[in-house]
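Peer 1: I'd like to ask you about the structure that follows.
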Amino acid sequence: MKIRIVATWLLLFLSINLFAQGKRIKISGNVRDADGNPLDLVAVQVKNTFTGAMTNEQGFYSLSVAPGDSIALIFSCLGYNKAERIIPHAGQDMRVNVQMNYTSLELSEVNVTATRRQTTTMETIDAARLKILPDPSGGNIESLVVTHAGVSSASELSSQYSVRGGSYDENIVYVNGLEVFRPLLIRSGEQEGLSFINPSMTKEVQFSAGGFEARYGDKMSSVLDITYKQPEEFESSASVSFLGANAYVGSSAGKFTQVTGLRYKTGRSLLGTLDTKAEYDPVFIDFQTYLTYRLAPGWDASFLGNISSNNYKFIPQERETSFGTLNNPQKFTVWFDGKERDKFQTLYGAFTLKHRLGEKSEIGLQASAFSSHEEESYDITGVYRMDMTATEETENAFEALSVATYHEHARNRLQANVAHLGLYGMSQLTANHTLKWGANIQMENIIDKISEWENRDSAGYSLPQTGTEVNMIANLFSDNKLKSARYSGYLQDVFKFRTSQGLFTVVGGVRGSYWTYNNEFIFSPRISAGFIPNTNQDWTFRLATGLYYQPPFYKELRVETTDTYGNSVIRLNGRLKSQRSLHFIAGGDYAFRAVRRNFKLTTEMYYKKLDNMNPYTVENVKVRYYGENCATGYIAGLDMKIFGEFVPGTDSWLSLSLMKAEQTIRKETKAPLPNSRGYNLSLYFQDYLPGYKRLMLNLKGVLAGGFPVTASRKGYEDGFLYRRTPPYRRVDIGLTYQLAGPDNMIERRFFRHFKNIWLGIDAFNLLDIKNTVSYYWITDVYNEQYAVPNYLTGRQLNLRVSADF
């Protein structure tokens, strides 16, 4: 009888216990940052238990717990202070919303911004740093991009960059979800002017050095994704320096917002440090406006407009370049006559209509048009002399290696018009599952007329010598038109899920496109995965792979052929196919504290298998393609970056890239890729005067291996005439003083209208190192060639003043 009573009570106890375990309550809510933006990847954990959840892209979380008298929730995210919320009595479903603050220090002009978890290959870059960055280009976003791992630049005068050994043309740039273009005829950094992106109007910058998502277009190296501001109140700024000036204004009025920027650049003072003494007159002007309007609940319209005029005038006088070695010093002297006048005018307009289908879906229509009118004209005559200069062995002797006259002529014209129409959509199927898709059509119309030649005369002989005939050493003619259409579409799925091991983020998608000119269809699958382990959330791991294509644009189609008179004539290769690159990327981040400061170490290894390659050579920033699919190759490398508080309260980073990139042309000639530097070390460093934080120091340094170059207009297989430039070494430093700010406003009526005022002085190329961007190849009467380095800019001081209103 007693046994039955005990058994009955035991069964009753177990039933009550099981019933209690089965009854659970739901706790959910939203997590936002100090600015009200939703935070994803925030770990929400019940204190002293293994029960937890992770917020999605909208900052939402949900978890189930057993009822209790008191429950403590811990909210943690890299870069933010931990938050704890105590629920005194958890007896029913409830919502708990949390705001998390940055783990940052605000030191007047010093703002240390938290870095969010990077579970994909897209990295966020803080564009606000450009306000105090010593930048000889005049303030381009790209100047900050090139300090990151895997990115290099051949010239401080250019906004073009190479990513992991790729061509300048392999990088795609988006502004507000639409691709933007740049002029095609530019051959040197002196001509280039301003990049499309206006830093003052920029809200967010995201960059991927490879393995990017299917929603981004068909390029083989990188994507730079820019989002412009939509201000909530009036704001404006202005700055002026020796390099130019810019002004910006933004405002909001009910349903309407606008940001407008005007930029002016002149690099006259900087170009004056080049070896060629001349009358430089570069005038670059850019006007942009971005307008948004709320048409009705759930309906938004926006317009982005840009007018850019880049004019470059150049009247050379003389040049003197010393080069060679201690045992073989040489000097190249030129006396000039003539001038160059170039004009690059572009127009761009983009309209977007977006409709939100409830809280979890949206659909949008995009239309854009780009027009570029480019003119390049020059007639320049030069008399040059190259000497072997004196050494201790030769005492005061000078030996003339070559004396000649040359004449360069060009009348180049290009008109490009590109129109785009696209439809895109997004639907959040579940809290951790988002589907994105898009379909696009792009129409292209290009007219190209080129007429350029160069004649040289050495000791009374025209070069090259071919008997009694007088030939040009080089010429090029083109009269081509191209009309075509491109159709493309993508489907992408973003899925997040949690297991007992940690949080997984998977982004998979496919992309397809068809071009009417060469009748080619390409199919590009891409996938990436990120993982944050539960055991140690200081670690983040990433894997990515995908098949990436580079469909030819106009430049890639051009093939140089020789007519019956020996002239070089450009024809378009209608059978040229897309280049192809198979990416494999593995990497991760490790967040840690050292000497009581926050740091993050990022490492990525990559391998890119290349085929259907269209080989090219680079001269300054001008890329010349073979115009045929005749090569295969590979790129392998390692990128590392240490980011953190090198000085307490500031953000700095050091990047190191190691790379090997080779190609095999026509199955015979092996050569390095033109942007294969081997190594690249970049530093961005901030400091301030102890006890006086209004005085800031900013330093940008680069040490990169030389890149291979060939003789002018020669390919790698033409006797394999190539050499490497010397390493690129440069240090730019700037001092910035905050004359007025929120905490130290000057008590005068005039200054009360300002939010901030900065005064700055920069020293460009502090060490005055002569970096080589290309070579001028000269030939003597015996057809022997000499490579004379074309040096970049020397040391130059710059004064700047900027203000926020």
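Within each chain, counting starts at residue 1; across the structure tokens, chains are named A, B, ... in the order shown, with ligands numbered 1 upward in that order.
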So that I can check the surroundings of Asn432 of chain A, please list as a list of chain:residue names every protein, DNA and RNA residue that reaches within 6 Å of it, counting only C-alpha atoms and ignoring chain neighbours fewer than 4 positions away.

Peer 2: A:Asn56, A:Phe495, A:Lys496

Peer 1: What lies within 6 Å of segment 357-371 of chain A using only C-alpha atoms, ignoring chain neighbours under 6 positions off, as a ChimeraX atom specification?

Peer 2: /A:346-351,416-428

Peer 1: Where in segment 63-243 of chain A does DSSP assign helix (DSSP H, G or I), given as a list of chain:residue names?

Peer 2: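 Selecting the helix (DSSP H, G or I) positions of segment 63-243 of chain A gives A:Ala127, A:Ala128, A:Arg129, A:Leu130, A:Lys131, A:Ile141, A:Glu142, A:Ser143, A:Leu144, A:Val145, A:Tyr168, A:Asp169, A:Glu170, A:Gly189, A:Glu190, A:Gln191, A:Glu192, A:Pro199, A:Ser200, A:Met201.
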
Peer 1: Write to file, as a short mmCIF file (atom, residue, chain, number, x, y, z; two decimals), in the first residue's frame, the residues of the selection just made, with all heavy atoms.

Peer 2:
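Contents of the output file again01.cif:
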data_model
loop_
_atom_site.label_atom_id
_atom_site.label_comp_id
_atom_site.auth_asym_id
_atom_site.auth_seq_id
_atom_site.Cartn_x
_atom_site.Cartn_y
_atom_site.Cartn_z
N ALA A 127 33.58 57.21 -44.16
CA ALA A 127 33.92 58.29 -45.08
C ALA A 127 34.22 59.60 -44.36
O ALA A 127 34.84 60.51 -44.94
CB ALA A 127 32.78 58.50 -46.08
N ALA A 128 33.80 59.74 -43.10
CA ALA A 128 34.02 60.99 -42.36
C ALA A 128 35.51 61.28 -42.15
O ALA A 128 35.90 62.42 -41.88
CB ALA A 128 33.30 60.93 -41.01
N ARG A 129 36.35 60.26 -42.27
CA ARG A 129 37.78 60.46 -42.05
C ARG A 129 38.40 61.37 -43.11
O ARG A 129 39.49 61.92 -42.92
CB ARG A 129 38.52 59.12 -42.05
CG ARG A 129 38.01 58.16 -41.00
CD ARG A 129 38.81 56.85 -41.04
NE ARG A 129 38.13 55.82 -40.28
CZ ARG A 129 38.18 55.71 -38.96
NH1 ARG A 129 38.88 56.59 -38.28
NH2 ARG A 129 37.53 54.75 -38.34
N LEU A 130 37.74 61.51 -44.28
CA LEU A 130 38.30 62.33 -45.34
C LEU A 130 38.42 63.80 -44.95
O LEU A 130 39.18 64.55 -45.57
CB LEU A 130 37.45 62.21 -46.61
CG LEU A 130 37.67 60.94 -47.43
CD1 LEU A 130 36.67 60.84 -48.55
CD2 LEU A 130 39.09 60.89 -47.98
N LYS A 131 37.66 64.22 -43.95
CA LYS A 131 37.74 65.62 -43.51
C LYS A 131 39.15 65.99 -43.07
O LYS A 131 39.58 67.14 -43.23
CB LYS A 131 36.76 65.87 -42.37
CG LYS A 131 35.31 66.09 -42.80
CD LYS A 131 34.45 66.41 -41.60
CE LYS A 131 33.03 66.75 -42.01
NZ LYS A 131 32.96 68.06 -42.68
N ILE A 141 37.01 59.52 -52.09
CA ILE A 141 36.76 58.32 -51.29
C ILE A 141 37.81 57.26 -51.61
O ILE A 141 38.27 56.52 -50.72
CB ILE A 141 35.35 57.78 -51.58
CG1 ILE A 141 34.28 58.72 -51.05
CG2 ILE A 141 35.18 56.38 -51.01
CD1 ILE A 141 34.14 58.73 -49.56
N GLU A 142 38.22 57.19 -52.86
CA GLU A 142 39.18 56.17 -53.27
C GLU A 142 40.52 56.30 -52.55
O GLU A 142 41.25 55.32 -52.39
CB GLU A 142 39.40 56.24 -54.79
CG GLU A 142 38.19 55.85 -55.61
CD GLU A 142 37.22 57.01 -55.85
OE1 GLU A 142 37.38 58.07 -55.20
OE2 GLU A 142 36.30 56.86 -56.67
N SER A 143 40.86 57.51 -52.09
CA SER A 143 42.11 57.70 -51.35
C SER A 143 42.09 56.97 -50.02
O SER A 143 43.15 56.58 -49.51
CB SER A 143 42.35 59.19 -51.11
OG SER A 143 42.47 59.88 -52.32
N LEU A 144 40.91 56.77 -49.46
CA LEU A 144 40.78 56.00 -48.23
C LEU A 144 40.72 54.51 -48.54
O LEU A 144 41.24 53.68 -47.79
CB LEU A 144 39.52 56.44 -47.48
CG LEU A 144 39.43 56.13 -45.99
CD1 LEU A 144 40.59 56.75 -45.23
CD2 LEU A 144 38.11 56.63 -45.44
N VAL A 145 40.10 54.16 -49.67
CA VAL A 145 39.98 52.75 -50.06
C VAL A 145 41.36 52.13 -50.26
O VAL A 145 41.60 50.98 -49.87
CB VAL A 145 39.13 52.62 -51.34
CG1 VAL A 145 39.15 51.19 -51.87
CG2 VAL A 145 37.69 53.05 -51.07
N TYR A 168 42.27 48.16 -63.53
CA TYR A 168 41.44 49.26 -63.06
C TYR A 168 40.00 49.10 -63.53
O TYR A 168 39.06 49.55 -62.87
CB TYR A 168 41.99 50.60 -63.56
CG TYR A 168 43.44 50.85 -63.21
CD1 TYR A 168 44.32 51.36 -64.15
CD2 TYR A 168 43.93 50.57 -61.94
CE1 TYR A 168 45.66 51.60 -63.84
CE2 TYR A 168 45.25 50.80 -61.62
CZ TYR A 168 46.11 51.31 -62.58
OH TYR A 168 47.42 51.53 -62.26
N ASP A 169 39.81 48.47 -64.68
CA ASP A 169 38.47 48.32 -65.25
C ASP A 169 37.69 47.17 -64.62
O ASP A 169 36.53 46.95 -64.98
CB ASP A 169 38.56 48.08 -66.77
CG ASP A 169 39.23 49.25 -67.48
OD1 ASP A 169 38.94 50.40 -67.11
OD2 ASP A 169 40.03 49.01 -68.40
N GLU A 170 38.30 46.43 -63.71
CA GLU A 170 37.63 45.30 -63.08
C GLU A 170 36.92 45.68 -61.78
O GLU A 170 36.42 44.81 -61.07
CB GLU A 170 38.64 44.18 -62.80
CG GLU A 170 39.22 43.57 -64.06
CD GLU A 170 40.28 42.52 -63.78
OE1 GLU A 170 40.38 42.09 -62.60
OE2 GLU A 170 41.03 42.15 -64.70
N GLY A 189 47.11 60.60 -64.76
CA GLY A 189 46.47 61.14 -63.59
C GLY A 189 46.29 62.64 -63.65
O GLY A 189 45.37 63.20 -63.04
N GLU A 190 47.17 63.35 -64.41
CA GLU A 190 47.06 64.79 -64.54
C GLU A 190 45.74 65.20 -65.18
O GLU A 190 45.19 66.26 -64.89
CB GLU A 190 48.23 65.34 -65.37
CG GLU A 190 49.58 65.24 -64.69
CD GLU A 190 50.30 63.94 -65.06
OE1 GLU A 190 49.63 62.89 -65.14
OE2 GLU A 190 51.52 63.98 -65.25
N GLN A 191 45.21 64.36 -66.09
CA GLN A 191 43.98 64.68 -66.80
C GLN A 191 42.72 64.33 -66.00
O GLN A 191 41.64 64.79 -66.33
CB GLN A 191 43.90 63.88 -68.11
CG GLN A 191 45.02 64.11 -69.09
CD GLN A 191 44.91 63.11 -70.24
OE1 GLN A 191 44.82 61.91 -70.02
NE2 GLN A 191 44.92 63.62 -71.46
N GLU A 192 42.86 63.50 -65.00
CA GLU A 192 41.72 62.77 -64.46
C GLU A 192 40.71 63.62 -63.72
O GLU A 192 39.50 63.42 -63.83
CB GLU A 192 42.22 61.65 -63.55
CG GLU A 192 41.13 60.67 -63.20
CD GLU A 192 41.71 59.42 -62.57
OE1 GLU A 192 42.70 58.89 -63.09
OE2 GLU A 192 41.17 59.01 -61.54
N PRO A 199 32.36 63.06 -51.42
CA PRO A 199 32.44 62.61 -50.02
C PRO A 199 31.50 63.37 -49.08
O PRO A 199 31.01 62.80 -48.10
CB PRO A 199 33.91 62.85 -49.66
CG PRO A 199 34.63 62.91 -50.96
CD PRO A 199 33.66 63.49 -51.93
N SER A 200 31.26 64.65 -49.33
CA SER A 200 30.41 65.44 -48.44
C SER A 200 28.97 64.95 -48.46
O SER A 200 28.24 65.12 -47.49
CB SER A 200 30.46 66.91 -48.84
OG SER A 200 31.76 67.43 -48.73
N MET A 201 28.55 64.34 -49.58
CA MET A 201 27.18 63.86 -49.70
C MET A 201 27.03 62.41 -49.28
O MET A 201 25.92 61.88 -49.25
CB MET A 201 26.72 64.01 -51.16
CG MET A 201 26.71 65.44 -51.66
SD MET A 201 26.45 65.58 -53.45
CE MET A 201 24.83 64.85 -53.64
#

Peer 1: Which polymer residues have any atom within 10 Å of an atom of segment 303-311 of chain A, counting only C-alpha atoms, with same-chain residues fewer than 6 positions away left out, as an NGL selection string?

Peer 2: :A and (175-176 or 191-196 or 228 or 258-266 or 281-293 or 341-353 or 366-375)

Peer 1: Residues at most 8 Å from segment 529-537 of chain A, counting only C-alpha atoms, excluding those fewer than 5 positions away in the same chain, as a ChimeraX atom specification?

Peer 2: /A:119-120,500-507,542-544

Peer 1: Tell me, as an MDAnalysis selection string, which residues lie within 10 Å of Ser581 of chain A, counting only C-alpha atoms; anything in the same chain fewer than 4 positions away does not count.

Peer 2: chainID A and resid 219:221 546:550 607:613 632:635

Peer 1: Would you work out the distance separating atom CA of Thr147 of chain A from atom CA of Leu683 of chain A, expressed in Å to one decimal?

Peer 2: 6.5 Å

Peer 1: Would you pick out the contacts of Gly678 of chain A at 7 Å or less, using only C-alpha atoms, so that residues sharing its chain but fewer than 4 positions from it are not included, and give the list as number ranges by chain?

Peer 2: A: 658-660, 705

Peer 1: Could you pull out the strand (DSSP E) residues of segment 499-589 of chain A, going by DSSP on the backbone, and write them as a PyMOL selection string?

Peer 2: chain A and resi 502-515+520-533+539-550+558-562+568-572+579-589
